[in-house]
Amino acid sequence: MEGKVASIHGAIGAMALLLSSCAQPGVQQGSAGVAERLRALARRGPMVVAHRGSSHEYPENTLPAFEAGVRERADLVELDFHATSDGVLVCLHDEELDRTTDAETVLGRKKVRVAETPLSDIRRLDAGRWKAARFAETPLPTLVEALEGFGRRSLIMIERKQGSASSLLEVLRQLDLVDEVLVQAFDWDWLEEIHRLEPGLALAALGKDPLTPELLDRLGRTGACMAHWDARKLRLEDVRALKDRGYLVALYTIDDEIGFAGAAAAGADAITTNRPGRLVELIRDGSVP
Ligand code: G3P
Ligand code: CA
């Protein structure tokens with residue numbers, strides 16, 4: 001029976017891949033639902049991505065920052081995750097705990113890596129005080145807590161920093177969020193793996209180097225519907241080349257107003273910013289068309 005179910009899943013997966021790869025030239029599209037929602041949003045103007053939440057004002061990758069991103073009407077709220085030593089996915093950008101928590105004081109050591117820390121120790125940390133005293137005692141959330149907290153009130157852009165594809169899929173399936181999120185990574189091998197395991201998942205490929213023909217070809221194998229690139233590394237013609245191939249183009253990380261206008265003029269479908277509220281205002285009053 002198990003074998004039969006596996007082969008049915010395999011056939012469905014292969015069919016989904018075949019159908020999705022026909023949707024746009026160059027793009028192996030993941031979840032038609034999320035990708036189409038993103039395309040519809042982008043037709044109105046650049047989407048606003050709250051980078052690590054509304055992280056200019058709030059401590060990044062914490063529930064207050066995510067809540068503020070939703071409140072400020074970002075189209076997507078971005079977060080990063082790592083796996084703890086006991087395999088729990090937690091929201092954090094850096095490999096080490098020092099910059100955004102009081103780990104040095106609490107754990108008595110510098111440069112402690114999240115990958116060597118069990119959840120029980122993560123629970124003892126303050127992830128807010130470094131930003132401002134008013135955020136003291138803000139916990140470092142698990143991915144499940146973050147997704148349960150705001151997961152159905154915003155589209156979520158989940159960035160894998162470290163952790164297996166299967167562990168992320170387990171969380172998304174447990175919360176029934178496979179068709180509600182966009183998953184991204186700099187590691188394109190990891191993207192290929194998660195695309196193979198769950199062809200319906202919408203993916204964005206992160207880029208930090210100048211775009212080359214080799215990267216453009218490689219992008220086609222990731223299963224991504226979006227290219228999410230360092231704004232300083234793309235030329236205007238690269239944005240056009242990506243869009244001509246059917247990719248949504250997102251640019252990170254832009255916080256200045258001239259930069260917002262420049263990204264919009266370049267044709268960005270999404271702008272990733274630590275100041276989502278300000279960008280939303282500027283789009284609404286027509287300053288960023
Ligand atoms: O969302 C894009 C951006 O988050 C990638 O860079 O280092 O801020 O995770 P980083
Ligand atoms: Ca990120």
# chains A, B, ... in the order shown; residues from 1 in each chain; ligands from 1
call {"tool": "residues_around", "arguments": {"residues": "A:Arg113", "least_positions_apart": "3", "cutoff": "9 Å", "atoms": "only C-alpha atoms", "output": "JSON, numbers by chain"}}
result
{"A": [84, 94, 95, 96, 97, 98, 116, 117]}
call {"tool": "residues_around", "arguments": {"residues": "A:Ala263", "least_positions_apart": "5", "cutoff": "9 Å", "atoms": "only C-alpha atoms", "output": "list of chain:residue names"}}
result
A:Pro46, A:Ala231, A:Leu251, A:Ile254, A:Ile258, A:Ala268, A:Asp269, A:Ala270, A:Ile271
call {"tool": "residues_near_ligand", "arguments": {"ligand": "ligand 2", "cutoff": "7 Å", "atoms": "only C-alpha atoms and all ligand atoms", "output": "count of residues only"}}
result
7
call {"tool": "residues_around", "arguments": {"residues": "A:Ile194", "least_positions_apart": "5", "cutoff": "10 Å", "atoms": "only C-alpha atoms", "output": "number ranges by chain"}}
result
A: 164-166, 168-169, 183, 188-189, 199-201, 203, 222-223
call {"tool": "select_by_dssp", "arguments": {"residues": "stretch 115-255 of chain A", "states": "helix (DSSP H, G or I)", "output": "VMD selection string"}}
result
chain A and resid 115 to 116 119 to 122 133 to 135 143 to 150 165 to 174 188 to 197 213 to 219 236 to 244
call {"tool": "write_last_selection", "arguments": {"atoms": "N, CA and C atoms", "output": "short mmCIF file (atom, residue, chain, number, x, y, z; two decimals), in the first residue's frame"}}
result
data_model
loop_
_atom_site.label_atom_id
_atom_site.label_comp_id
_atom_site.auth_asym_id
_atom_site.auth_seq_id
_atom_site.Cartn_x
_atom_site.Cartn_y
_atom_site.Cartn_z
N ALA A 115 23.53 26.29 15.92
CA ALA A 115 23.55 24.86 15.57
C ALA A 115 24.13 23.99 16.68
N GLU A 116 24.82 24.62 17.66
CA GLU A 116 25.36 23.82 18.78
C GLU A 116 24.58 24.07 20.07
N LEU A 119 17.29 23.82 22.19
CA LEU A 119 16.17 24.75 22.35
C LEU A 119 16.05 25.21 23.80
N SER A 120 16.35 24.34 24.75
CA SER A 120 16.20 24.72 26.17
C SER A 120 17.07 25.94 26.49
N ASP A 121 18.24 26.06 25.87
CA ASP A 121 19.08 27.24 26.09
C ASP A 121 18.57 28.45 25.29
N ILE A 122 18.08 28.20 24.09
CA ILE A 122 17.51 29.29 23.28
C ILE A 122 16.38 29.96 24.06
N ALA A 133 15.65 49.06 25.23
CA ALA A 133 15.22 48.55 26.54
C ALA A 133 13.75 48.17 26.53
N ARG A 134 12.95 48.88 25.73
CA ARG A 134 11.51 48.58 25.74
C ARG A 134 11.19 47.20 25.16
N PHE A 135 12.14 46.60 24.47
CA PHE A 135 11.91 45.25 23.92
C PHE A 135 12.51 44.14 24.80
N LEU A 143 10.23 28.67 14.60
CA LEU A 143 9.53 28.92 13.34
C LEU A 143 8.04 28.61 13.50
N VAL A 144 7.72 27.54 14.22
CA VAL A 144 6.31 27.20 14.43
C VAL A 144 5.60 28.34 15.15
N GLU A 145 6.21 28.87 16.20
CA GLU A 145 5.56 29.97 16.94
C GLU A 145 5.34 31.18 16.04
N ALA A 146 6.33 31.49 15.21
CA ALA A 146 6.20 32.64 14.31
C ALA A 146 5.07 32.40 13.32
N LEU A 147 5.04 31.22 12.72
CA LEU A 147 4.02 30.95 11.70
C LEU A 147 2.63 30.86 12.33
N GLU A 148 2.56 30.32 13.54
CA GLU A 148 1.26 30.28 14.22
C GLU A 148 0.82 31.69 14.59
N GLY A 149 1.80 32.56 14.88
CA GLY A 149 1.50 33.92 15.34
C GLY A 149 0.90 34.79 14.24
N PHE A 150 1.48 34.72 13.04
CA PHE A 150 0.97 35.64 12.01
C PHE A 150 0.84 34.99 10.64
N ALA A 165 15.79 20.45 4.23
CA ALA A 165 14.54 20.66 3.49
C ALA A 165 13.41 19.88 4.16
N SER A 166 13.72 18.65 4.60
CA SER A 166 12.63 17.84 5.19
C SER A 166 12.14 18.44 6.50
N SER A 167 13.04 19.06 7.27
CA SER A 167 12.57 19.64 8.55
C SER A 167 11.66 20.84 8.30
N LEU A 168 11.95 21.63 7.26
CA LEU A 168 11.05 22.74 6.95
C LEU A 168 9.71 22.21 6.45
N LEU A 169 9.76 21.21 5.57
CA LEU A 169 8.50 20.68 5.04
C LEU A 169 7.63 20.09 6.15
N GLU A 170 8.28 19.49 7.13
CA GLU A 170 7.51 18.92 8.25
C GLU A 170 6.72 20.03 8.95
N VAL A 171 7.37 21.16 9.19
CA VAL A 171 6.68 22.29 9.84
C VAL A 171 5.55 22.82 8.96
N LEU A 172 5.84 23.02 7.67
CA LEU A 172 4.82 23.61 6.79
C LEU A 172 3.62 22.68 6.64
N ARG A 173 3.89 21.37 6.58
CA ARG A 173 2.78 20.41 6.44
C ARG A 173 1.98 20.35 7.73
N GLN A 174 2.69 20.36 8.86
CA GLN A 174 2.01 20.32 10.17
C GLN A 174 1.05 21.50 10.32
N TRP A 188 21.37 27.08 -3.76
CA TRP A 188 20.47 26.63 -4.83
C TRP A 188 20.37 25.11 -4.88
N ASP A 189 21.38 24.40 -4.37
CA ASP A 189 21.25 22.93 -4.28
C ASP A 189 20.10 22.58 -3.32
N TRP A 190 20.04 23.34 -2.22
CA TRP A 190 18.96 23.12 -1.23
C TRP A 190 17.61 23.40 -1.88
N LEU A 191 17.54 24.47 -2.69
CA LEU A 191 16.28 24.78 -3.38
C LEU A 191 15.87 23.63 -4.30
N GLU A 192 16.86 23.12 -5.04
CA GLU A 192 16.56 22.00 -5.94
C GLU A 192 16.02 20.81 -5.14
N GLU A 193 16.60 20.59 -3.97
CA GLU A 193 16.16 19.45 -3.16
C GLU A 193 14.72 19.64 -2.67
N ILE A 194 14.43 20.83 -2.15
CA ILE A 194 13.07 21.02 -1.61
C ILE A 194 12.06 21.04 -2.75
N HIS A 195 12.48 21.50 -3.93
CA HIS A 195 11.58 21.48 -5.09
C HIS A 195 11.25 20.04 -5.49
N ARG A 196 12.26 19.18 -5.40
CA ARG A 196 12.03 17.77 -5.73
C ARG A 196 11.09 17.13 -4.70
N LEU A 197 11.26 17.49 -3.42
CA LEU A 197 10.44 16.89 -2.37
C LEU A 197 9.01 17.43 -2.36
N PRO A 213 25.36 34.40 -17.59
CA PRO A 213 24.54 33.43 -18.34
C PRO A 213 24.50 32.09 -17.62
N GLU A 214 25.60 31.70 -16.95
CA GLU A 214 25.62 30.42 -16.23
C GLU A 214 24.60 30.43 -15.08
N LEU A 215 24.60 31.56 -14.34
CA LEU A 215 23.63 31.65 -13.22
C LEU A 215 22.20 31.63 -13.74
N LEU A 216 21.99 32.31 -14.86
CA LEU A 216 20.65 32.36 -15.45
C LEU A 216 20.19 30.95 -15.82
N ASP A 217 21.09 30.15 -16.39
CA ASP A 217 20.74 28.76 -16.73
C ASP A 217 20.47 27.96 -15.47
N ARG A 218 21.34 28.13 -14.49
CA ARG A 218 21.23 27.37 -13.24
C ARG A 218 19.92 27.69 -12.52
N LEU A 219 19.52 28.97 -12.61
CA LEU A 219 18.28 29.43 -11.97
C LEU A 219 17.10 28.60 -12.44
N LEU A 236 20.42 47.05 -15.05
CA LEU A 236 19.04 47.19 -15.52
C LEU A 236 18.71 46.11 -16.52
N GLU A 237 19.66 45.78 -17.40
CA GLU A 237 19.39 44.75 -18.43
C GLU A 237 19.20 43.37 -17.78
N ASP A 238 19.80 43.15 -16.62
CA ASP A 238 19.60 41.87 -15.93
C ASP A 238 18.15 41.73 -15.45
N VAL A 239 17.62 42.84 -14.94
CA VAL A 239 16.22 42.82 -14.48
C VAL A 239 15.32 42.45 -15.66
N ARG A 240 15.61 43.08 -16.82
CA ARG A 240 14.79 42.78 -18.01
C ARG A 240 14.95 41.32 -18.42
N ALA A 241 16.19 40.82 -18.39
CA ALA A 241 16.43 39.43 -18.82
C ALA A 241 15.68 38.46 -17.91
N LEU A 242 15.67 38.73 -16.62
CA LEU A 242 14.97 37.84 -15.67
C LEU A 242 13.46 37.89 -15.91
N LYS A 243 12.96 39.11 -16.11
CA LYS A 243 11.51 39.25 -16.32
C LYS A 243 11.10 38.63 -17.65
N ASP A 244 11.95 38.78 -18.67
CA ASP A 244 11.65 38.16 -19.97
C ASP A 244 11.54 36.65 -19.85
#
call {"tool": "closest_atom_pairs", "arguments": {"of": "chain A", "to": "ligand 1", "cutoff": "10 Å", "atoms": "only C-alpha atoms and all ligand atoms", "output": "Markdown table"}}
result
| residue | atom | partner | partner_atom_place_in_ligand_line | distance |
| --- | --- | --- | --- | --- |
| A:Val49 | CA | ligand 1 | 1 (O) | 7.8 |
| A:Ala50 | CA | ligand 1 | 1 (O) | 8.6 |
| A:His51 | CA | ligand 1 | 1 (O) | 6.0 |
| A:Arg52 | CA | ligand 1 | 4 (O) | 6.9 |
| A:Val77 | CA | ligand 1 | 1 (O) | 9.4 |
| A:Glu78 | CA | ligand 1 | 1 (O) | 6.3 |
| A:Leu79 | CA | ligand 1 | 4 (O) | 7.4 |
| A:Asp80 | CA | ligand 1 | 9 (O) | 6.5 |
| A:Phe81 | CA | ligand 1 | 9 (O) | 9.5 |
| A:Leu92 | CA | ligand 1 | 9 (O) | 9.4 |
| A:His93 | CA | ligand 1 | 9 (O) | 6.2 |
| A:Asp94 | CA | ligand 1 | 7 (O) | 8.3 |
| A:Met157 | CA | ligand 1 | 1 (O) | 7.8 |
| A:Ile158 | CA | ligand 1 | 1 (O) | 8.6 |
| A:Glu159 | CA | ligand 1 | 9 (O) | 7.0 |
| A:Arg160 | CA | ligand 1 | 9 (O) | 8.7 |
| A:Lys161 | CA | ligand 1 | 9 (O) | 7.6 |
| A:Gln184 | CA | ligand 1 | 1 (O) | 7.9 |
| A:Ala185 | CA | ligand 1 | 5 (C) | 8.2 |
| A:Phe186 | CA | ligand 1 | 5 (C) | 7.9 |
| A:Ala204 | CA | ligand 1 | 1 (O) | 9.4 |
| A:Ala205 | CA | ligand 1 | 2 (C) | 9.7 |
| A:Leu206 | CA | ligand 1 | 5 (C) | 6.8 |
| A:Gly207 | CA | ligand 1 | 5 (C) | 8.3 |
| A:Lys208 | CA | ligand 1 | 5 (C) | 8.5 |
| A:His228 | CA | ligand 1 | 2 (C) | 6.7 |
| A:Trp229 | CA | ligand 1 | 2 (C) | 7.4 |
| A:Asp230 | CA | ligand 1 | 2 (C) | 7.7 |
| A:Ala250 | CA | ligand 1 | 2 (C) | 8.5 |
| A:Leu251 | CA | ligand 1 | 2 (C) | 7.7 |
| A:Tyr252 | CA | ligand 1 | 2 (C) | 5.3 |
| A:Thr253 | CA | ligand 1 | 3 (C) | 6.6 |
| A:Ile271 | CA | ligand 1 | 1 (O) | 9.2 |
| A:Thr272 | CA | ligand 1 | 1 (O) | 6.2 |
| A:Thr273 | CA | ligand 1 | 1 (O) | 8.4 |
| A:Asn274 | CA | ligand 1 | 8 (O) | 9.6 |
